[in-house]
Each structure stands twice: as C-alpha cells, then as structure tokens.
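Undergrad: Structure file final-v5.txt (compact mmCIF, C-alpha atoms) right here:
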# COMPACT_ATOMS: atom_id res chain seq x y z
CA MET H 1 -54.69 -56.77 20.21
CA ALA H 2 -52.87 -60.08 20.30
CA ALA H 3 -52.16 -61.20 23.84
CA LEU H 4 -48.62 -62.27 24.66
CA ASP H 5 -48.00 -65.91 25.44
CA GLU H 6 -47.42 -66.80 29.09
CA GLU H 7 -43.63 -67.10 28.74
CA SER H 8 -43.33 -63.68 27.09
CA GLU H 9 -45.62 -62.10 29.67
CA GLY H 10 -43.47 -63.59 32.46
CA LEU H 11 -40.32 -62.36 30.78
CA ALA H 12 -41.78 -58.85 30.48
CA ALA H 13 -42.69 -58.92 34.19
CA GLU H 14 -39.23 -60.10 35.22
CA TYR H 15 -37.53 -57.54 32.98
CA ALA H 16 -39.54 -54.74 34.62
CA LEU H 17 -38.98 -56.19 38.10
CA GLY H 18 -35.25 -56.55 37.43
CA THR H 19 -34.57 -60.22 38.22
CA LEU H 20 -33.04 -61.18 34.86
CA SER H 21 -29.31 -61.75 34.35
CA ALA H 22 -27.26 -59.24 32.34
CA GLU H 23 -27.56 -61.34 29.19
CA GLU H 24 -31.27 -62.03 29.58
CA ARG H 25 -31.75 -58.29 30.01
CA LEU H 26 -29.87 -57.65 26.77
CA ILE H 27 -32.00 -60.09 24.86
CA ALA H 28 -35.18 -58.67 26.39
CA ARG H 29 -34.04 -55.18 25.37
CA SER H 30 -33.57 -56.17 21.74
CA ARG H 31 -37.09 -57.56 21.83
CA LEU H 32 -38.37 -54.26 23.27
CA VAL H 33 -37.20 -52.58 20.07
CA ALA H 34 -38.52 -55.27 17.75
CA ASP H 35 -41.81 -56.31 19.36
CA PRO H 36 -44.42 -53.64 20.21
CA GLU H 37 -46.60 -56.11 22.17
CA PHE H 38 -43.67 -57.04 24.36
CA ALA H 39 -42.79 -53.34 24.84
CA ARG H 40 -46.39 -52.69 25.90
CA ALA H 41 -46.29 -55.57 28.39
CA VAL H 42 -43.08 -54.19 29.94
CA ALA H 43 -44.59 -50.68 30.16
CA ASP H 44 -47.68 -52.18 31.84
CA TRP H 45 -45.47 -53.87 34.43
CA GLU H 46 -43.48 -50.68 35.04
CA ARG H 47 -46.78 -48.94 35.73
CA ARG H 48 -48.04 -51.72 38.02
CA LEU H 49 -44.85 -51.74 40.10
CA ALA H 50 -44.15 -47.99 40.16
CA PRO H 51 -46.22 -47.32 43.34
CA LEU H 52 -43.55 -49.24 45.27
CA ALA H 53 -41.23 -46.32 44.60
CA ASP H 54 -43.66 -44.06 46.54
CA ALA H 55 -42.49 -45.84 49.67
CA VAL H 56 -38.82 -45.01 49.13
CA PRO H 57 -37.87 -41.93 51.18
CA GLU H 58 -36.20 -39.26 49.04
CA ARG H 59 -32.51 -38.69 49.44
CA ALA H 60 -30.76 -35.81 47.68
CA PRO H 61 -27.66 -36.72 45.65
CA ASN H 62 -24.42 -34.77 45.92
CA ALA H 63 -24.97 -31.22 44.64
CA ALA H 64 -22.07 -31.59 42.18
CA LEU H 65 -23.83 -34.37 40.30
CA PHE H 66 -26.02 -32.11 38.17
CA GLU H 67 -22.92 -30.29 36.90
CA ALA H 68 -21.39 -33.63 35.94
CA ILE H 69 -24.58 -34.51 34.03
CA ASN H 70 -24.62 -31.14 32.28
CA ALA H 71 -20.98 -31.62 31.28
CA ARG H 72 -21.78 -34.86 29.44
CA SER H 73 -21.29 -34.63 25.69
CA GLU H 74 -24.80 -36.00 25.00
CA LEU H 75 -26.23 -32.83 26.54
CA ARG H 76 -24.47 -30.55 24.07
CA ALA H 77 -26.95 -31.62 21.41
CA ALA H 78 -30.67 -30.91 21.61
CA PRO H 79 -32.69 -34.05 22.42
CA SER H 80 -34.35 -34.30 19.01
CA ASP H 81 -31.19 -34.45 16.89
CA ASP H 82 -29.10 -36.73 19.10
CA ALA H 83 -28.97 -39.43 16.44
CA GLY H 84 -26.92 -37.20 14.14
CA SER H 85 -27.50 -36.44 10.50
CA ASP H 86 -26.15 -39.77 9.26
CA THR H 87 -28.66 -41.90 11.10
CA SER H 88 -31.63 -39.53 11.31
CA ASN H 89 -32.97 -40.77 7.98
CA ILE H 90 -32.82 -44.31 9.25
CA VAL H 91 -34.54 -43.35 12.48
CA GLU H 92 -37.22 -41.59 10.48
CA LEU H 93 -37.57 -44.57 8.17
CA ARG H 94 -37.85 -46.86 11.16
CA ARG H 95 -40.73 -44.76 12.51
CA LYS H 96 -42.53 -44.97 9.19
CA LEU H 97 -41.90 -48.65 8.89
CA THR H 98 -43.20 -49.39 12.36
CA ARG H 99 -46.81 -49.07 11.27
CA TRP H 100 -46.19 -50.90 8.07
CA ARG H 101 -44.59 -53.75 9.98
CA ALA H 102 -47.39 -53.77 12.52
CA ALA H 103 -49.80 -54.55 9.71
CA THR H 104 -48.47 -57.65 7.99
CA ILE H 105 -44.82 -57.39 7.19
CA GLY H 106 -42.28 -59.27 9.28
CA LEU H 107 -39.39 -57.63 11.05
CA GLY H 108 -37.03 -59.27 8.59
CA ALA H 109 -38.45 -56.96 5.96
CA LEU H 110 -37.83 -53.96 8.17
CA ALA H 111 -34.19 -54.87 8.65
CA ALA H 112 -33.92 -55.61 4.95
CA SER H 113 -35.35 -52.18 4.08
CA LEU H 114 -32.68 -50.56 6.23
CA LEU H 115 -30.02 -52.49 4.36
CA VAL H 116 -31.40 -51.28 1.04
CA VAL H 117 -31.23 -47.71 2.33
CA LEU H 118 -27.63 -48.31 3.35
CA GLY H 119 -26.81 -49.72 -0.07
CA LEU H 120 -26.00 -53.18 1.26
CA PRO H 121 -27.14 -56.01 -1.01
CA ILE H 122 -29.21 -58.76 0.56
CA GLU H 123 -30.38 -62.04 -0.78
CA PRO H 124 -33.66 -63.33 0.63
CA GLY H 125 -33.63 -66.90 1.81
CA ARG H 126 -30.05 -67.33 2.80
CA GLU H 127 -29.17 -64.19 4.70
CA PHE H 128 -29.67 -63.05 8.24
CA VAL H 129 -29.62 -59.41 9.21
CA ALA H 130 -29.51 -57.52 12.50
CA VAL H 131 -29.95 -53.83 13.12
CA LEU H 132 -28.15 -53.06 16.38
CA GLN H 133 -29.93 -50.21 18.09
CA SER H 134 -29.68 -48.21 21.29
CA GLU H 135 -32.50 -46.84 23.39
CA SER H 136 -31.34 -43.29 22.88
CA ALA H 137 -29.57 -43.02 19.54
CA GLY H 138 -31.37 -45.41 17.17
CA PRO H 139 -29.38 -47.75 14.91
CA GLY H 140 -25.63 -47.97 15.56
CA PHE H 141 -24.56 -50.99 13.54
CA VAL H 142 -25.98 -53.25 10.85
CA ALA H 143 -24.83 -56.86 10.58
CA THR H 144 -25.49 -59.41 7.84
CA VAL H 145 -24.69 -63.10 7.77
CA ASP H 146 -24.58 -64.74 4.34
CA THR H 147 -24.91 -68.45 5.00
CA ALA H 148 -24.26 -69.38 1.36
CA HIS H 149 -20.92 -67.58 1.18
CA HIS H 150 -20.10 -68.03 4.87
CA VAL H 151 -19.45 -64.34 5.38
CA MET H 152 -20.53 -62.01 8.12
CA THR H 153 -20.31 -58.25 7.63
CA VAL H 154 -20.78 -55.54 10.20
CA ARG H 155 -21.08 -51.88 9.35
CA ARG H 156 -21.22 -48.93 11.71
CA VAL H 157 -24.03 -46.48 10.85
CA GLY H 158 -23.87 -44.38 14.02
CA ALA H 159 -21.21 -42.31 15.75
CA PRO H 160 -17.65 -43.65 16.12
CA ALA H 161 -16.50 -44.85 19.55
CA PRO H 162 -15.41 -42.04 21.89
CA THR H 163 -11.66 -41.34 22.08
CA ASP H 164 -9.83 -43.95 24.16
CA TYR H 165 -12.59 -46.54 23.74
CA SER H 166 -13.30 -49.37 21.32
CA TYR H 167 -16.58 -50.92 20.19
CA GLU H 168 -16.60 -54.69 20.69
CA LEU H 169 -19.11 -57.03 19.03
CA TRP H 170 -20.69 -59.95 20.92
CA ALA H 171 -22.98 -62.84 20.04
CA LEU H 172 -25.50 -64.02 22.65
CA GLY H 173 -28.24 -66.59 23.00
CA ALA H 174 -28.87 -69.81 21.01
CA GLY H 175 -27.40 -71.90 23.81
CA ARG H 176 -24.16 -69.95 24.15
CA PRO H 177 -23.21 -70.30 27.83
CA LYS H 178 -21.98 -66.68 27.83
CA ALA H 179 -21.47 -63.79 25.46
CA GLN H 180 -19.04 -64.69 22.68
CA SER H 181 -16.66 -61.97 21.48
CA LEU H 182 -16.53 -61.38 17.72
CA GLY H 183 -13.81 -58.77 18.05
CA VAL H 184 -13.39 -55.02 17.99
CA ILE H 185 -15.26 -53.14 15.24
CA GLU H 186 -14.10 -49.80 13.83
CA ALA H 187 -16.10 -48.58 10.82
CA SER H 188 -16.83 -51.96 9.29
CA ALA H 189 -15.67 -55.56 9.45
CA ARG H 190 -15.91 -58.73 7.40
CA MET H 191 -15.37 -62.12 8.97
CA PRO H 192 -16.03 -65.80 8.32
CA ALA H 193 -19.59 -66.70 9.37
CA GLU H 194 -18.11 -69.73 11.14
CA LYS H 195 -16.93 -67.32 13.83
CA LEU H 196 -20.50 -67.40 15.14
CA GLY H 197 -20.07 -71.09 15.92
CA PRO H 198 -22.54 -73.93 15.47
CA HIS H 199 -25.46 -71.94 16.90
CA ASP H 200 -28.95 -71.27 15.61
CA LEU H 201 -28.64 -67.92 13.81
CA SER H 202 -32.34 -67.16 14.14
CA ASP H 203 -31.94 -67.36 17.93
CA THR H 204 -28.76 -65.27 18.06
CA THR H 205 -28.62 -61.69 19.35
CA LEU H 206 -25.71 -59.36 18.57
CA ALA H 207 -24.54 -56.60 20.89
CA ILE H 208 -21.91 -53.87 20.92
CA SER H 209 -20.27 -52.83 24.17
CA LEU H 210 -17.91 -49.97 24.91
CA GLU H 211 -14.52 -51.32 25.98
CA PRO H 212 -10.95 -50.17 26.60
CA PRO H 213 -8.89 -49.68 23.39
CA GLY H 214 -8.40 -53.04 21.71
CA GLY H 215 -11.34 -54.71 23.43
CA SER H 216 -12.32 -56.23 26.75
CA PRO H 217 -9.33 -57.48 28.76
CA THR H 218 -11.44 -60.19 30.43
CA GLY H 219 -13.14 -61.91 27.48
CA GLN H 220 -16.52 -60.71 28.74
CA ALA H 221 -18.11 -57.30 28.23
CA THR H 222 -16.80 -54.92 30.90
CA GLY H 223 -18.32 -51.65 29.66
CA PRO H 224 -21.88 -50.52 28.96
CA VAL H 225 -23.74 -52.32 26.19
CA LEU H 226 -24.72 -49.61 23.74
CA PHE H 227 -26.36 -51.39 20.78
CA VAL H 228 -28.37 -54.59 20.60
CA GLY H 229 -30.15 -56.41 17.79
CA LYS H 230 -31.48 -59.85 17.01
CA LEU H 231 -30.46 -61.68 13.84
CA LEU H 232 -33.49 -62.19 11.63
CA PRO H 233 -33.89 -64.06 8.36
CA ALA H 234 -34.03 -61.65 5.43
CA GLU H 235 -37.33 -61.87 3.61
CA MET P 1 -46.85 -37.99 43.46
CA ASP P 2 -50.02 -35.90 43.36
CA THR P 3 -51.76 -34.72 40.20
CA THR P 4 -50.37 -31.17 40.36
CA ASP P 5 -46.80 -32.52 40.49
CA SER P 6 -47.54 -34.86 37.64
CA VAL P 7 -48.81 -32.04 35.43
CA ALA P 8 -45.77 -29.88 36.28
CA LEU P 9 -43.45 -32.79 35.51
CA ALA P 10 -45.15 -33.40 32.17
CA GLN P 11 -44.61 -29.73 31.30
CA CYS P 12 -40.92 -29.95 32.33
CA LEU P 13 -40.50 -33.07 30.25
CA ALA P 14 -42.19 -31.54 27.19
CA ALA P 15 -39.92 -28.46 27.44
CA THR P 16 -36.89 -30.71 27.93
CA ALA P 17 -37.83 -32.51 24.73
CA ARG P 18 -37.59 -29.13 22.97
CA GLY P 19 -34.07 -28.73 24.33
CA GLU P 20 -34.86 -26.23 27.08
CA ARG P 21 -32.08 -26.58 29.63
CA ALA P 22 -33.88 -24.63 32.36
CA ALA P 23 -36.75 -27.14 32.16
CA PHE P 24 -34.29 -30.02 32.39
CA ALA P 25 -32.74 -28.41 35.48
CA ASP P 26 -36.23 -28.06 36.97
CA LEU P 27 -37.01 -31.68 36.14
CA TYR P 28 -33.78 -32.74 37.86
CA ARG P 29 -34.56 -30.60 40.91
CA ARG P 30 -38.02 -32.14 41.24
CA THR P 31 -37.08 -35.79 40.69
CA SER P 32 -33.40 -36.44 41.50
CA ALA P 33 -33.86 -37.11 45.24
CA LYS P 34 -36.42 -39.83 44.47
CA LEU P 35 -34.43 -41.40 41.65
CA PHE P 36 -31.19 -41.24 43.64
CA ALA P 37 -32.82 -42.98 46.61
CA ILE P 38 -34.13 -45.72 44.30
CA ALA P 39 -30.72 -46.21 42.65
CA ARG P 40 -28.89 -46.22 45.97
CA ARG P 41 -31.03 -49.04 47.37
CA ILE P 42 -30.12 -51.14 44.34
CA LEU P 43 -26.44 -50.21 44.15
CA VAL P 44 -25.75 -49.78 47.89
CA ARG P 45 -22.67 -47.65 47.26
CA THR P 46 -23.17 -43.91 46.84
CA GLU P 47 -20.64 -43.53 44.01
CA LEU P 48 -22.29 -46.30 42.00
CA ALA P 49 -25.72 -44.77 42.57
CA GLU P 50 -24.35 -41.43 41.32
CA GLU P 51 -22.97 -43.15 38.23
CA ALA P 52 -26.36 -44.74 37.49
CA LEU P 53 -28.17 -41.47 38.14
CA GLN P 54 -25.87 -39.64 35.73
CA GLU P 55 -26.61 -42.20 32.99
CA ALA P 56 -30.32 -42.05 33.79
CA TYR P 57 -30.55 -38.27 33.37
CA VAL P 58 -28.50 -38.36 30.16
CA ARG P 59 -31.11 -40.82 28.83
CA ILE P 60 -33.97 -38.71 30.14
CA TRP P 61 -32.52 -35.76 28.19
CA THR P 62 -31.90 -37.66 24.95
CA ASN P 63 -35.13 -39.69 25.10
CA ALA P 64 -37.45 -36.90 26.25
CA PRO P 65 -38.95 -36.49 22.73
CA ARG P 66 -39.93 -40.16 22.84
CA TYR P 67 -41.82 -39.89 26.14
CA ASP P 68 -45.44 -40.94 25.52
CA ALA P 69 -48.00 -39.69 28.02
CA LYS P 70 -50.44 -42.38 26.86
CA VAL P 71 -48.05 -45.10 28.03
CA ALA P 72 -46.74 -43.82 31.38
CA THR P 73 -46.81 -40.90 33.79
CA PRO P 74 -43.59 -38.85 33.75
CA MET P 75 -42.54 -40.32 37.11
CA THR P 76 -43.22 -43.93 36.06
CA TRP P 77 -41.20 -43.32 32.89
CA MET P 78 -38.27 -41.79 34.76
CA ILE P 79 -38.30 -44.39 37.53
CA ALA P 80 -38.10 -47.14 34.92
CA ILE P 81 -35.10 -45.45 33.27
CA ALA P 82 -33.32 -45.01 36.62
CA ARG P 83 -34.04 -48.58 37.75
CA ASN P 84 -32.84 -50.01 34.44
CA GLN P 85 -29.57 -48.09 34.73
CA ALA P 86 -29.13 -49.13 38.35
CA ILE P 87 -29.92 -52.80 37.68
CA ASP P 88 -27.63 -52.96 34.63
CA LEU P 89 -24.82 -51.45 36.70
CA ARG P 90 -25.55 -53.82 39.59
CA ARG P 91 -25.24 -56.82 37.23
CA ARG P 92 -21.91 -55.50 35.91
CA MET P 93 -20.60 -54.62 39.36
CA SER P 94 -22.00 -57.50 41.39
CA GLU P 95 -18.85 -57.95 43.48
CA ARG P 96 -18.44 -54.29 44.34
CA VAL P 97 -22.11 -54.06 45.24
CA SER P 98 -22.17 -57.04 47.58
CA GLU P 99 -19.18 -55.75 49.57
CA GLY P 100 -21.38 -53.07 51.08
CA ALA P 101 -24.64 -54.97 51.01
CA VAL P 102 -24.71 -56.29 54.55
CA ALA P 103 -24.33 -52.91 56.17
CA LEU P 104 -27.14 -51.32 54.19
CA GLU P 105 -29.54 -54.19 54.71
CA ASP P 106 -28.97 -53.95 58.45
CA ALA P 107 -29.63 -50.24 58.35
CA GLU P 108 -32.60 -50.33 55.99
CA PRO P 109 -34.63 -53.50 56.06
CA MET P 110 -36.65 -53.23 52.89
CA VAL P 111 -38.78 -56.34 52.84
CA SER P 112 -41.74 -54.59 54.44
CA VAL P 113 -44.21 -53.33 51.88
CA SER P 114 -44.48 -49.70 52.91
CA ALA P 115 -41.92 -47.41 54.48
CA GLN P 116 -42.80 -45.86 57.79
CA GLY P 117 -43.55 -42.16 57.88
CA ILE P 118 -44.76 -42.00 54.30
CA GLU P 119 -48.41 -41.63 53.58
CA ALA P 120 -49.32 -44.33 51.10
CA SER P 121 -50.91 -43.26 47.82
CA ALA P 122 -54.09 -45.00 46.66
CA ASP P 123 -52.01 -46.88 44.07
CA LEU P 124 -49.55 -48.05 46.72
CA ARG P 125 -52.40 -49.15 49.00
CA HIS P 126 -53.89 -51.17 46.15
CA LEU P 127 -50.52 -52.70 45.29
CA THR P 128 -49.88 -53.42 48.97
CA ARG P 129 -53.22 -55.23 49.27
CA CYS P 130 -52.35 -57.35 46.25
CA LEU P 131 -48.84 -58.09 47.53
CA GLU P 132 -50.32 -59.14 50.86
CA GLY P 133 -52.43 -61.63 48.95
CA LEU P 134 -49.25 -63.49 47.97
CA THR P 135 -47.55 -65.93 50.28
CA GLU P 136 -44.48 -64.69 52.13
CA GLN P 137 -41.76 -66.01 49.83
CA PRO P 138 -42.95 -64.56 46.51
CA ARG P 139 -43.85 -61.32 48.25
CA MET P 140 -40.37 -60.97 49.76
CA MET P 141 -38.76 -61.90 46.44
CA VAL P 142 -40.71 -59.19 44.60
CA MET P 143 -39.81 -56.62 47.25
CA LEU P 144 -36.11 -57.53 47.29
CA ALA P 145 -35.98 -57.50 43.50
CA TYR P 146 -37.80 -54.18 43.13
CA HIS P 147 -36.06 -52.27 45.89
CA GLN P 148 -32.64 -53.88 46.04
CA GLY P 149 -32.26 -55.20 42.52
CA PHE P 150 -31.86 -58.88 43.46
CA SER P 151 -31.42 -61.21 40.48
CA ARG P 152 -32.87 -64.74 40.37
CA GLU P 153 -29.39 -66.00 41.34
CA GLU P 154 -29.20 -63.68 44.34
CA LEU P 155 -32.72 -64.64 45.42
CA SER P 156 -31.73 -68.28 45.06
CA ALA P 157 -28.81 -67.76 47.49
CA ARG P 158 -30.91 -65.71 49.89
CA PHE P 159 -33.82 -68.16 50.09
CA ASP P 160 -31.71 -71.29 49.60
CA ARG P 161 -33.87 -72.48 46.71
CA PRO P 162 -32.68 -73.59 43.25
CA VAL P 163 -32.65 -70.84 40.60
CA ALA P 164 -35.29 -72.69 38.53
CA THR P 165 -37.56 -72.81 41.59
CA VAL P 166 -37.05 -69.08 42.17
CA LYS P 167 -38.09 -68.44 38.56
CA THR P 168 -41.25 -70.53 39.05
CA ILE P 169 -42.10 -68.76 42.33
CA LEU P 170 -41.52 -65.34 40.73
CA ARG P 171 -43.56 -66.10 37.61
CA ARG P 172 -46.50 -67.47 39.61
CA GLY P 173 -46.33 -64.59 42.09
CA LEU P 174 -46.19 -61.98 39.33
CA ALA P 175 -49.10 -63.61 37.46
CA ALA P 176 -51.21 -63.54 40.65
CA LEU P 177 -50.17 -59.94 41.27
CA LYS P 178 -51.23 -58.97 37.75
CA ASP P 179 -54.65 -60.59 38.16
CA CYS P 180 -55.16 -58.78 41.46
CA LEU P 181 -53.95 -55.39 40.18
CA ASP P 182 -55.92 -55.58 36.96
CA GLY P 183 -59.04 -56.49 38.95
CA ARG P 184 -59.38 -60.07 37.77
CA ALA P 185 -58.98 -61.70 41.18
Please render this file's structure as structure tokens.

TA:
Amino acid sequence: MAALDEESEGLAAEYALGTLSAEERLIARSRLVADPEFARAVADWERRLAPLADAVPERAPNAALFEAINARSELRAAPSDDAGSDTSNIVELRRKLTRWRAATIGLGALAASLLVVLGLPIEPGREFVAVLQSESAGPGFVATVDTAHHVMTVRRVGAPAPTDYSYELWALGAGRPKAQSLGVIEASARMPAEKLGPHDLSDTTLAISLEPPGGSPTGQATGPVLFVGKLLPAE
Amino acid sequence: MDTTDSVALAQCLAATARGERAAFADLYRRTSAKLFAIARRILVRTELAEEALQEAYVRIWTNAPRYDAKVATPMTWMIAIARNQAIDLRRRMSERVSEGAVALEDAEPMVSVSAQGIEASADLRHLTRCLEGLTEQPRMMVMLAYHQGFSREELSARFDRPVATVKTILRRGLAALKDCLDGRA
C-alpha cells in the first residue's frame, strides 16, 4: 500500500479534526471520492479521534426531531435506490471501475468512461472533465472543458433541484481567493471556457450548491454544497 | 460504547441499509443523544445542532448500505457523519455561532481531556495519554477543534498566533499523536 505524502496525511488529519476552512473541506471531500488512499487516511483519523466523543455527556434532542427527520423526502426511498434509476447505472459503473482504476488506470479515464456512458464526446489531450458527486447520491453533474474550442459544458445527471431552489455552479482552488460563481444550472449549460478565468484547470475543483431561485444573493455559496468534483485531464 | 452495544448498533445499521424503518428508529434512539451532544458543542445553538442532526440522520439512512465494518465501528462512522455536518454548518454560520459562544464556553469548559463523571474507555485512556504527551498549545488546539469545531482561523484568534503558525502547530501535534496512537513512539 502506497503511503500518503506528509502534506496529504496532514490534510487528512485536519479534515477529520475539522480545522479546515469551508473551501478546503470541499476540496478535501472531492479527493475523498477520487483517492482511496486519502479516504483511508481520513477514516484512520476518524477512528483515532473518536474516543474523544466518549467524554461528551449525552444530551437528548427535542423529541419532535425524529418526526422531522422521518418527514424528509430522502427517507421516502429505501437506502439502496436513493440515487434513482437514471444514475444507478453510473453508480454501478463507478463501483466496477474503482478496482480497475486502482490497478493502473488514472482517474481521468474513469471520468472519461462516465462521459462515454452519457454519450458525451471527449477528445483526449485537450479536454478536462469533472464528475460532480455527492456523498449520498453519487454523480449529480458532469462538466467538460474543451480548451481547443474554449467551451465548457455542464450536464445534470442526477435529480433536479427541489422546488423553490436553484443549483449554482462554483469553481474553487488554483489560487482563486474564494469560490467563483459560474451561474445557475438547470438541466445543462454551455459557456465560454474563459469564464473559468486564467487559472490552472488541473488544480480546479467544481461544486454545486443549493441556493434560492436564481442563485446566491451574496456572490458566495449560502446553501449546502451538494456535489463536488475535481477537473481532470481526459486520457 | 461497549461491545454489546456495538454489535446491536451494527445489526440496526445493517437492517437500516435494507430499508427497515423500525431499525432506523432504534438506531436513532440508541445514538441521537450522543450525536446531538457532539453537534451542540460545535454549533452552540440548539436549533443549529438540531439542523445538523437532521442532516446527519438523513445521510445515515441514505448511506447505510455503504457502511463498511472493516473501516469503522458503527459509532465511529456515525460520529464522523454528525461532526462533518456540524462543522460544515458552523463554517457557513460562523457569525450566528459565535454570538452564543461565550456563554457556552463559560458553562462548559471543554479543553480538559476527559469529562468528569464519565468512566473513560480503554481507547480514551490511550488517547488521553498520547494527548498528554503533547505540549499545552497543540493539545488545547486539538481539543477545541474536535469538541467545539474551531477552524485554524478561530484557533489563530484564540491563541493570538498567525494562521500559518497554527497550521504548523496542528500538523506537528497531529503527527506526534499519530505516532503515539499507532505505537511508534
């Protein structure tokens, strides 16, 4: 088993401890999905630190809370089919590809395989792809950046936004001082690649947050971040 | 968490993964007071802790099929989900959280390693020994971060040290903690 480098090990520890900023946490979370060694390091830290919770005296929440949880729409579906029929094939494919990837093939190939399944054309060498995933529901969006034609496309592959909410797309990392809005996304969107700015694409992470209709009123994400994925060069 | 509880929780979690609502209710009954207490320390305000707890249990329900007993005990897995929800919410709500922070810190000083009146498990005793091997500042930073969800920035303000220095102190402290816990020091 390849050991993580010191920086990654420290990042895993700080993610588990909880000292990272909101954006660093987002980026760490996309790595959790993409990098099994990193995910293992985080799980190890969660195990190491968990005994601290033994020392916290229990305190019962309001009795009404369980009813509120049971009323949530996510609980209407059984746990195993939460991803819905549209994305279950992709989730299944991702599981199969995980071992394949672990052997020799780069993550770029994994993302590329998803795009093939979705019928999106990709051109190795000049395209970047990101599969934006959630912890609970698998892939939600797929993004491609074609650097030759200066076009970025985003396609939703998961459930639409709940009524009275919008999905908003953000770019993070690569020296951006804060998350950069790329606008509200309905089913799909096409935009000039220049919208991403003069930043290193291979160091850019994309995220989707849930916002009021029409997008965040503040210019920064105000709602929960539902899907995250790192842009990777297509292979 | 003794072994019997852990086995019962694993059974609840396995049944929850199959969509059994009674098992989920049982899981909630057995774990919600612990997870709520953890979230409330991080979020200070009861209504925010309830919001985080709601999100945590929705994730426990939807992710139950992905629980892997080889990676974590049920409680470790659920605590991580609850803490992640609470910390994410704390980062989004930092102003609302800090309004109430002074009062709670006065009432519940949480920089000591073990709470009074709770018999420490063997794991907690081991962790406590390792934490006591650190110097005071990294130890307090780890405790404040774990229990109250302090970010590097918040630790920087609390200890009056630059953020970059806090990162260095944390990384060194955590590396030493790992060596001690994994039996290499």

Undergrad: Identify every residue of chain P that has at least one atom within 7 Å of any atom of chain H, counting all atoms listed in the file, and report the result as a VMD selection string.

TA: chain P and resid 17 to 19 32 to 34 36 to 38 54 58 to 59 61 to 65 71 to 72 76 80 87 to 88 91 114 to 115 118 123 to 124 145 to 146 149 to 152 171 174

Undergrad: Quick one, how far is atom CA of H:Leu172 from atom CA of H:Ala193?

TA: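 Atom CA of H:Ala193 lies 14.8 Å from atom CA of H:Leu172.
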
Undergrad: Hey, what's within 7 Å of H:Pro192 if we count all atoms listed in the file and toss same-chain stuff fewer than 5 positions away? As JSON, numbers by chain, please?

TA: {"H": [150, 151, 152]}
